[in-house]
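Chemist: Before I ask anything, let me first share the structure, which is written out below as structure tokens.
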Amino acid sequence: MTTTPSEGSAVTFDPEEVHAKYLAERDRRLIPGRAEIRDLAHDERVAGYRADPFTPRTERDAITDDPDVVIVGGGIAGLLAGVHLRKAGIERIRIVDHAGGVGGTWYWNRYPGVMCDVESYQYLPLLEELDYLPSRRYAFGEEIRLHLQSIADRFDLVSDALFHTGVSRSVWHDDTGRWTVHTDRGDELSCRYYVLAVGILNLMKLPAIPGMDAFAGKAFHTARWDYEYTGGATGEPLTELGDKTVALIGTGASGLQALPPLAEAAQHVYVFQRTPSAIGVRGNRPTDPSFAETLTPGWQKARMDNFQSIMLGRPVEADLTDDGWTRHYAAVQNPPRIKGASLREFMLRAEELDYRIMEEHRARIDELVTDPGVAAILKPYYRYLCKRPCFHDEYYDAFNRANVTLVDCPTGIEKITEHGLIAAGRQYEVDCIVYSTGFEAEVTPLQRRAGHEIVGRDGLTLAQKWADGAASLFGMMSRGFPNMFVMPAPGQQSVVTVNYTQLAVFGAEFIGGMVALLEKQGITVFDVSAAAEADWIQQIVDTYVDPSAVMSACTPSRLNNEGDPGGIKARDTNWGRGFGDFFGYRDLLENWLAAGDFDGLETA
């Protein structure tokens, strides 16, 4: 069951008044250039922001090798792909990653306070297989990273991995039936199967702010936290900030998690907020020792399915997760339908439900923040799904400290100077700037997330083929790029899950199952047929619903294309409406594998 705010509560919903308020807040933030970011890949002035502060780079000779599989990416998706390829009998696997080790986003994001906002018992993969239970309901980042390291060790995915290495170009060769993968360290890898597991939030975002290169103090992104400067380590106090003034730019998930540890350590923290997040109760707690006694074989998949059912509005006997996602997010995503109600009545009731949930969030701020002026600035005025919701139990308390100042700057930072920042017409002198500005959106085109040129048959690149939108079969294979798999992700014609791990698990199972079947039948090369790809694209387009009617009134965010929801291409969406039909998608692909005839593929 999904719990929704009581319609008998004292909240009064006036649609015209709410529309006017939300539009006014949106318009304060619709400014030219708000989405401009620095080019971290090519601008040498900001190259240092990408450097790995956690693992020293080791010099090595270039490698020439012919593994069975090359996997680009060593995060959750890449590791799970490796696990299921191992189970399919594949021996030679090379993971290639820019990072100094496995973990993906959990390798890079080691800032103080970092944690997952999806329940740990579902988010950490292969818990049953590794006989492990997370220590807390919502695990901190270091525990997640170490668990992923354990998976890599268990399935021997590190010994042949190439870390601190980026793929520069990959080329398909029809004459050999193999891919040649070139890296930025001179490596040349020839592989039969090529797997893109490049992540969904892998491109660090640094805003383009006038004057930022002139700053004389320390500056870094949360995804490259500099513990040498701040002192401490992951999960430990920041011992070197006692005499430092810190600017924290950004109030999304990373900013709100980093603020409490910063506030405890620094002499003063200025928090620069462009748009407040909707922050619900986290309710984190240690795992009860008795929890393990309730578990039976298959419990993790069942728990994932229970959560995903609620997210899609399907009935369940019990809400096993019972948190902000299932109580609020699922309610807004799946408003109740009243028999005989018109579309207009349905939309109005959905909007009222949304408003009541947002009023709960705004009321929570009044309860926790002692200064009414600060509380007013922290209140989010937009519909719940306009920005990705956040959950935290200590963030608002930080604003009750004398050493924390909230700076309201809906138009952003005006300028960065040698000694600090200018916002809302005022100069703030600081010793350190922490950019908690997140990552490029999950729907960033695959070719950009991949970060290298991928050349298929007849010299066609993936960037050329996908220039007008994604083109695939199942969101995991694309015609003209034989023997290449893409782990499913938003924006590429598969489906979406709030718990990304569930989708990654299934994607990896599918790849492992398909490779096992190819090997069994002696098939050396596969490609998608033109008809099958065209049919899949048409299925995506036919179920697309333009979000502009709802999202156009949203404050700009990465979820609505920074205020331009109409800029989203129908082809870059999901199989099924909205998030897509995860269960139908899983059934379809499992049945496709079970048939064993590779319908829609050309094989040799």
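Note on naming: chains are A, B, ... as they come in the structure tokens, residues start from 1 per chain, ligands start from 1 in the order shown.
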Residues within 12 Å of Leu462 in chain A, please, as a ChimeraX atom specification. Count only C-alpha atoms; anything in the same chain fewer than 5 positions from it doesn't count.
Modeler: /A:169-172,196,445-457,467-472,477-482,484,486
Chemist: Just write the chosen residues, N, CA and C atoms, as a CSV table (one decimal), in the first residue's frame.
Modeler:
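Now in again-v5.csv:
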chain,number,residue,atom,x,y,z
A,169,ARG,N,39.3,5.3,-28.5
A,169,ARG,CA,38.6,4.9,-29.8
A,169,ARG,C,38.4,3.4,-29.8
A,170,SER,N,37.2,3.0,-30.3
A,170,SER,CA,37.0,1.6,-30.5
A,170,SER,C,36.4,1.4,-31.9
A,171,VAL,N,36.9,0.3,-32.6
A,171,VAL,CA,36.6,0.1,-34.0
A,171,VAL,C,36.2,-1.3,-34.3
A,172,TRP,N,35.1,-1.5,-35.0
A,172,TRP,CA,34.7,-2.9,-35.4
A,172,TRP,C,35.4,-3.3,-36.7
A,196,LEU,N,29.5,-1.6,-23.1
A,196,LEU,CA,29.5,-0.2,-22.6
A,196,LEU,C,28.7,-0.2,-21.3
A,445,PRO,N,23.0,11.8,-23.7
A,445,PRO,CA,23.2,10.8,-24.7
A,445,PRO,C,24.3,9.8,-24.5
A,446,LEU,N,24.1,8.6,-24.8
A,446,LEU,CA,25.1,7.5,-24.6
A,446,LEU,C,26.4,7.9,-25.2
A,447,GLN,N,26.4,8.4,-26.4
A,447,GLN,CA,27.7,8.7,-27.1
A,447,GLN,C,28.5,9.7,-26.3
A,448,ARG,N,27.8,10.6,-25.6
A,448,ARG,CA,28.6,11.6,-24.7
A,448,ARG,C,29.1,10.9,-23.4
A,449,ARG,N,28.2,10.1,-22.8
A,449,ARG,CA,28.6,9.4,-21.6
A,449,ARG,C,29.7,8.4,-21.9
A,450,ALA,N,29.7,7.8,-23.1
A,450,ALA,CA,30.8,6.9,-23.4
A,450,ALA,C,32.2,7.6,-23.5
A,451,GLY,N,32.2,8.8,-24.0
A,451,GLY,CA,33.4,9.6,-23.9
A,451,GLY,C,34.5,9.3,-25.0
A,452,HIS,N,34.1,8.4,-25.9
A,452,HIS,CA,35.1,8.1,-27.0
A,452,HIS,C,34.4,7.8,-28.3
A,453,GLU,N,35.1,7.8,-29.4
A,453,GLU,CA,34.6,7.5,-30.7
A,453,GLU,C,34.4,6.0,-30.8
A,454,ILE,N,33.2,5.6,-31.2
A,454,ILE,CA,32.8,4.2,-31.4
A,454,ILE,C,32.5,4.0,-32.8
A,455,VAL,N,33.3,3.3,-33.6
A,455,VAL,CA,33.2,3.1,-35.0
A,455,VAL,C,32.7,1.7,-35.4
A,456,GLY,N,31.5,1.7,-36.0
A,456,GLY,CA,30.9,0.4,-36.4
A,456,GLY,C,31.2,0.1,-37.8
A,457,ARG,N,30.2,-0.7,-38.4
A,457,ARG,CA,30.4,-1.1,-39.8
A,457,ARG,C,30.4,0.1,-40.7
A,467,ALA,N,22.6,10.7,-33.6
A,467,ALA,CA,22.5,12.1,-33.6
A,467,ALA,C,21.1,12.6,-33.5
A,468,ASP,N,20.1,11.9,-34.1
A,468,ASP,CA,18.7,12.3,-34.0
A,468,ASP,C,17.9,11.6,-32.9
A,469,GLY,N,18.6,10.8,-32.1
A,469,GLY,CA,18.0,10.1,-31.0
A,469,GLY,C,18.5,8.6,-31.0
A,470,ALA,N,18.2,8.0,-29.9
A,470,ALA,CA,18.7,6.6,-29.7
A,470,ALA,C,18.1,5.7,-30.8
A,471,ALA,N,18.8,4.6,-31.2
A,471,ALA,CA,18.4,3.7,-32.2
A,471,ALA,C,18.9,2.3,-31.7
A,472,SER,N,18.0,1.4,-31.3
A,472,SER,CA,18.5,0.2,-30.6
A,472,SER,C,17.4,-0.9,-30.8
A,477,MET,N,21.4,-3.1,-27.7
A,477,MET,CA,22.2,-3.4,-28.9
A,477,MET,C,21.8,-2.4,-30.0
A,478,SER,N,22.6,-2.1,-31.0
A,478,SER,CA,22.3,-1.2,-32.0
A,478,SER,C,22.9,-1.7,-33.4
A,479,ARG,N,22.0,-1.6,-34.4
A,479,ARG,CA,22.4,-2.1,-35.7
A,479,ARG,C,23.7,-1.3,-36.2
A,480,GLY,N,24.6,-2.1,-36.8
A,480,GLY,CA,25.8,-1.6,-37.3
A,480,GLY,C,27.0,-1.6,-36.3
A,481,PHE,N,26.6,-2.1,-35.1
A,481,PHE,CA,27.7,-2.2,-34.1
A,481,PHE,C,27.6,-3.6,-33.5
A,482,PRO,N,28.1,-4.6,-34.4
A,482,PRO,CA,28.0,-6.0,-34.0
A,482,PRO,C,28.7,-6.3,-32.7
A,484,MET,N,28.3,-5.7,-29.8
A,484,MET,CA,28.4,-4.7,-28.8
A,484,MET,C,27.1,-4.7,-27.9
A,486,VAL,N,25.1,-2.7,-24.6
A,486,VAL,CA,25.1,-1.5,-23.8
A,486,VAL,C,24.2,-1.8,-22.6
Chemist: Contacts of Val443 in chain A at 8 Å or less, counting only C-alpha atoms, minus same-chain residues fewer than 5 places along, as a PDB file with C-alpha atoms, in the first residue's frame?
Modeler:
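Produced file result33.pdb, reproduced below:
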ATOM      1  CA  ILE A 200      24.325   7.146 -15.746  1.00  0.00           C
ATOM      2  CA  PRO A 490      17.682   6.151 -18.986  1.00  0.00           C
ATOM      3  CA  GLY A 491      17.496   7.876 -22.352  1.00  0.00           C
ATOM      4  CA  GLN A 492      18.359   4.869 -24.485  1.00  0.00           C
ATOM      5  CA  ASP A 572      15.315   9.017 -26.079  1.00  0.00           C
TER       6      ASP A 572
END
Chemist: Quick one: residues within 12 Å of range 13-22 of chain A, only C-alpha atoms counted, chain neighbours fewer than 4 positions away excluded, as an MDAnalysis selection string?
Modeler: chainID A and resid 7:9 26:29 347:359 379:384 386 550:556
Chemist: Output N, CA and C atoms for every residue in the selection just made, as an mmCIF file, in the first residue's frame.
Modeler:
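Saved as selection-v3.cif:
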data_model
loop_
_atom_site.group_PDB
_atom_site.id
_atom_site.type_symbol
_atom_site.label_atom_id
_atom_site.label_comp_id
_atom_site.auth_asym_id
_atom_site.auth_seq_id
_atom_site.Cartn_x
_atom_site.Cartn_y
_atom_site.Cartn_z
ATOM 1 N N GLU A 7 -6.600 13.589 2.804
ATOM 2 C CA GLU A 7 -7.365 14.651 2.173
ATOM 3 C C GLU A 7 -8.158 15.451 3.199
ATOM 4 N N GLY A 8 -8.222 14.935 4.416
ATOM 5 C CA GLY A 8 -8.934 15.657 5.452
ATOM 6 C C GLY A 8 -8.054 16.626 6.227
ATOM 7 N N SER A 9 -6.792 16.769 5.793
ATOM 8 C CA SER A 9 -5.893 17.673 6.499
ATOM 9 C C SER A 9 -6.317 19.119 6.264
ATOM 10 N N ARG A 26 9.703 29.749 -10.715
ATOM 11 C CA ARG A 26 10.381 29.286 -11.933
ATOM 12 C C ARG A 26 11.017 30.456 -12.665
ATOM 13 N N ASP A 27 10.262 31.520 -12.849
ATOM 14 C CA ASP A 27 10.737 32.648 -13.653
ATOM 15 C C ASP A 27 11.938 33.350 -13.026
ATOM 16 N N ARG A 28 12.045 33.305 -11.688
ATOM 17 C CA ARG A 28 13.217 33.895 -11.037
ATOM 18 C C ARG A 28 14.495 33.191 -11.455
ATOM 19 N N ARG A 29 14.361 31.946 -11.909
ATOM 20 C CA ARG A 29 15.528 31.126 -12.208
ATOM 21 C C ARG A 29 15.740 30.894 -13.702
ATOM 22 N N MET A 347 -6.318 15.285 -13.432
ATOM 23 C CA MET A 347 -5.121 16.113 -13.348
ATOM 24 C C MET A 347 -5.179 17.047 -12.143
ATOM 25 N N LEU A 348 -6.350 17.581 -11.865
ATOM 26 C CA LEU A 348 -6.499 18.495 -10.740
ATOM 27 C C LEU A 348 -6.295 17.771 -9.408
ATOM 28 N N ARG A 349 -6.853 16.572 -9.290
ATOM 29 C CA ARG A 349 -6.671 15.793 -8.061
ATOM 30 C C ARG A 349 -5.208 15.383 -7.891
ATOM 31 N N ALA A 350 -4.547 15.060 -9.011
ATOM 32 C CA ALA A 350 -3.133 14.712 -8.947
ATOM 33 C C ALA A 350 -2.312 15.911 -8.478
ATOM 34 N N GLU A 351 -2.678 17.073 -8.960
ATOM 35 C CA GLU A 351 -1.958 18.282 -8.571
ATOM 36 C C GLU A 351 -2.182 18.598 -7.091
ATOM 37 N N GLU A 352 -3.398 18.377 -6.607
ATOM 38 C CA GLU A 352 -3.682 18.625 -5.191
ATOM 39 C C GLU A 352 -2.900 17.658 -4.306
ATOM 40 N N LEU A 353 -2.819 16.387 -4.705
ATOM 41 C CA LEU A 353 -2.028 15.407 -3.970
ATOM 42 C C LEU A 353 -0.571 15.861 -3.893
ATOM 43 N N ASP A 354 -0.044 16.287 -5.031
ATOM 44 C CA ASP A 354 1.320 16.785 -5.105
ATOM 45 C C ASP A 354 1.522 17.961 -4.144
ATOM 46 N N TYR A 355 0.565 18.904 -4.170
ATOM 47 C CA TYR A 355 0.666 20.094 -3.338
ATOM 48 C C TYR A 355 0.678 19.723 -1.850
ATOM 49 N N ARG A 356 -0.146 18.780 -1.452
ATOM 50 C CA ARG A 356 -0.198 18.388 -0.048
ATOM 51 C C ARG A 356 1.128 17.772 0.395
ATOM 52 N N ILE A 357 1.740 16.980 -0.477
ATOM 53 C CA ILE A 357 3.043 16.397 -0.147
ATOM 54 C C ILE A 357 4.099 17.492 -0.023
ATOM 55 N N MET A 358 4.093 18.453 -0.933
ATOM 56 C CA MET A 358 5.056 19.550 -0.847
ATOM 57 C C MET A 358 4.809 20.411 0.392
ATOM 58 N N GLU A 359 3.558 20.566 0.786
ATOM 59 C CA GLU A 359 3.269 21.303 2.011
ATOM 60 C C GLU A 359 3.834 20.578 3.233
ATOM 61 N N LYS A 379 12.451 26.732 1.571
ATOM 62 C CA LYS A 379 11.221 26.045 1.145
ATOM 63 C C LYS A 379 11.159 25.912 -0.380
ATOM 64 N N PRO A 380 10.922 24.696 -0.862
ATOM 65 C CA PRO A 380 10.810 24.477 -2.310
ATOM 66 C C PRO A 380 9.393 24.762 -2.801
ATOM 67 N N TYR A 381 9.280 25.576 -3.832
ATOM 68 C CA TYR A 381 7.968 25.881 -4.413
ATOM 69 C C TYR A 381 7.948 25.428 -5.866
ATOM 70 N N TYR A 382 7.590 24.190 -6.051
ATOM 71 C CA TYR A 382 7.430 23.569 -7.367
ATOM 72 C C TYR A 382 6.787 22.212 -7.130
ATOM 73 N N ARG A 383 6.435 21.520 -8.196
ATOM 74 C CA ARG A 383 5.852 20.187 -8.039
ATOM 75 C C ARG A 383 6.938 19.178 -7.681
ATOM 76 N N TYR A 384 6.524 18.159 -6.971
ATOM 77 C CA TYR A 384 7.458 17.239 -6.336
ATOM 78 C C TYR A 384 8.444 16.611 -7.315
ATOM 79 N N CYS A 386 9.593 17.876 -10.097
ATOM 80 C CA CYS A 386 10.362 18.823 -10.908
ATOM 81 C C CYS A 386 11.865 18.642 -10.707
ATOM 82 N N VAL A 550 3.117 19.375 -17.859
ATOM 83 C CA VAL A 550 3.359 19.392 -16.423
ATOM 84 C C VAL A 550 4.699 20.044 -16.092
ATOM 85 N N MET A 551 5.727 19.668 -16.832
ATOM 86 C CA MET A 551 7.079 20.077 -16.486
ATOM 87 C C MET A 551 7.405 21.516 -16.874
ATOM 88 N N SER A 552 6.626 22.127 -17.769
ATOM 89 C CA SER A 552 6.945 23.488 -18.197
ATOM 90 C C SER A 552 6.823 24.487 -17.052
ATOM 91 N N ALA A 553 6.026 24.162 -16.041
ATOM 92 C CA ALA A 553 5.877 25.051 -14.891
ATOM 93 C C ALA A 553 6.917 24.775 -13.815
ATOM 94 N N CYS A 554 7.834 23.843 -14.088
ATOM 95 C CA CYS A 554 8.843 23.472 -13.101
ATOM 96 C C CYS A 554 9.975 24.476 -13.046
ATOM 97 N N THR A 555 10.551 24.617 -11.869
ATOM 98 C CA THR A 555 11.817 25.314 -11.772
ATOM 99 C C THR A 555 12.852 24.497 -12.546
ATOM 100 N N PRO A 556 13.804 25.148 -13.223
ATOM 101 C CA PRO A 556 14.756 24.402 -14.050
ATOM 102 C C PRO A 556 15.585 23.400 -13.233
#
Chemist: Which residue out of A:Val96, A:Leu238, A:Ala216, A:Val495 has the minimum interatomic distance to Gly113 in chain A when only C-alpha atoms are used?
Modeler: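 Smallest distance to Gly113 in chain A is found for A:Leu238.
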Chemist: Based on DSSP run over this structure's backbone, return all residues of range 31-232 of chain A in helix (DSSP H, G or I), as a ChimeraX atom specification.
Modeler: /A:44-50,76-87,105-108,120-123,127-130,141-154,212-214,222-224,227-230
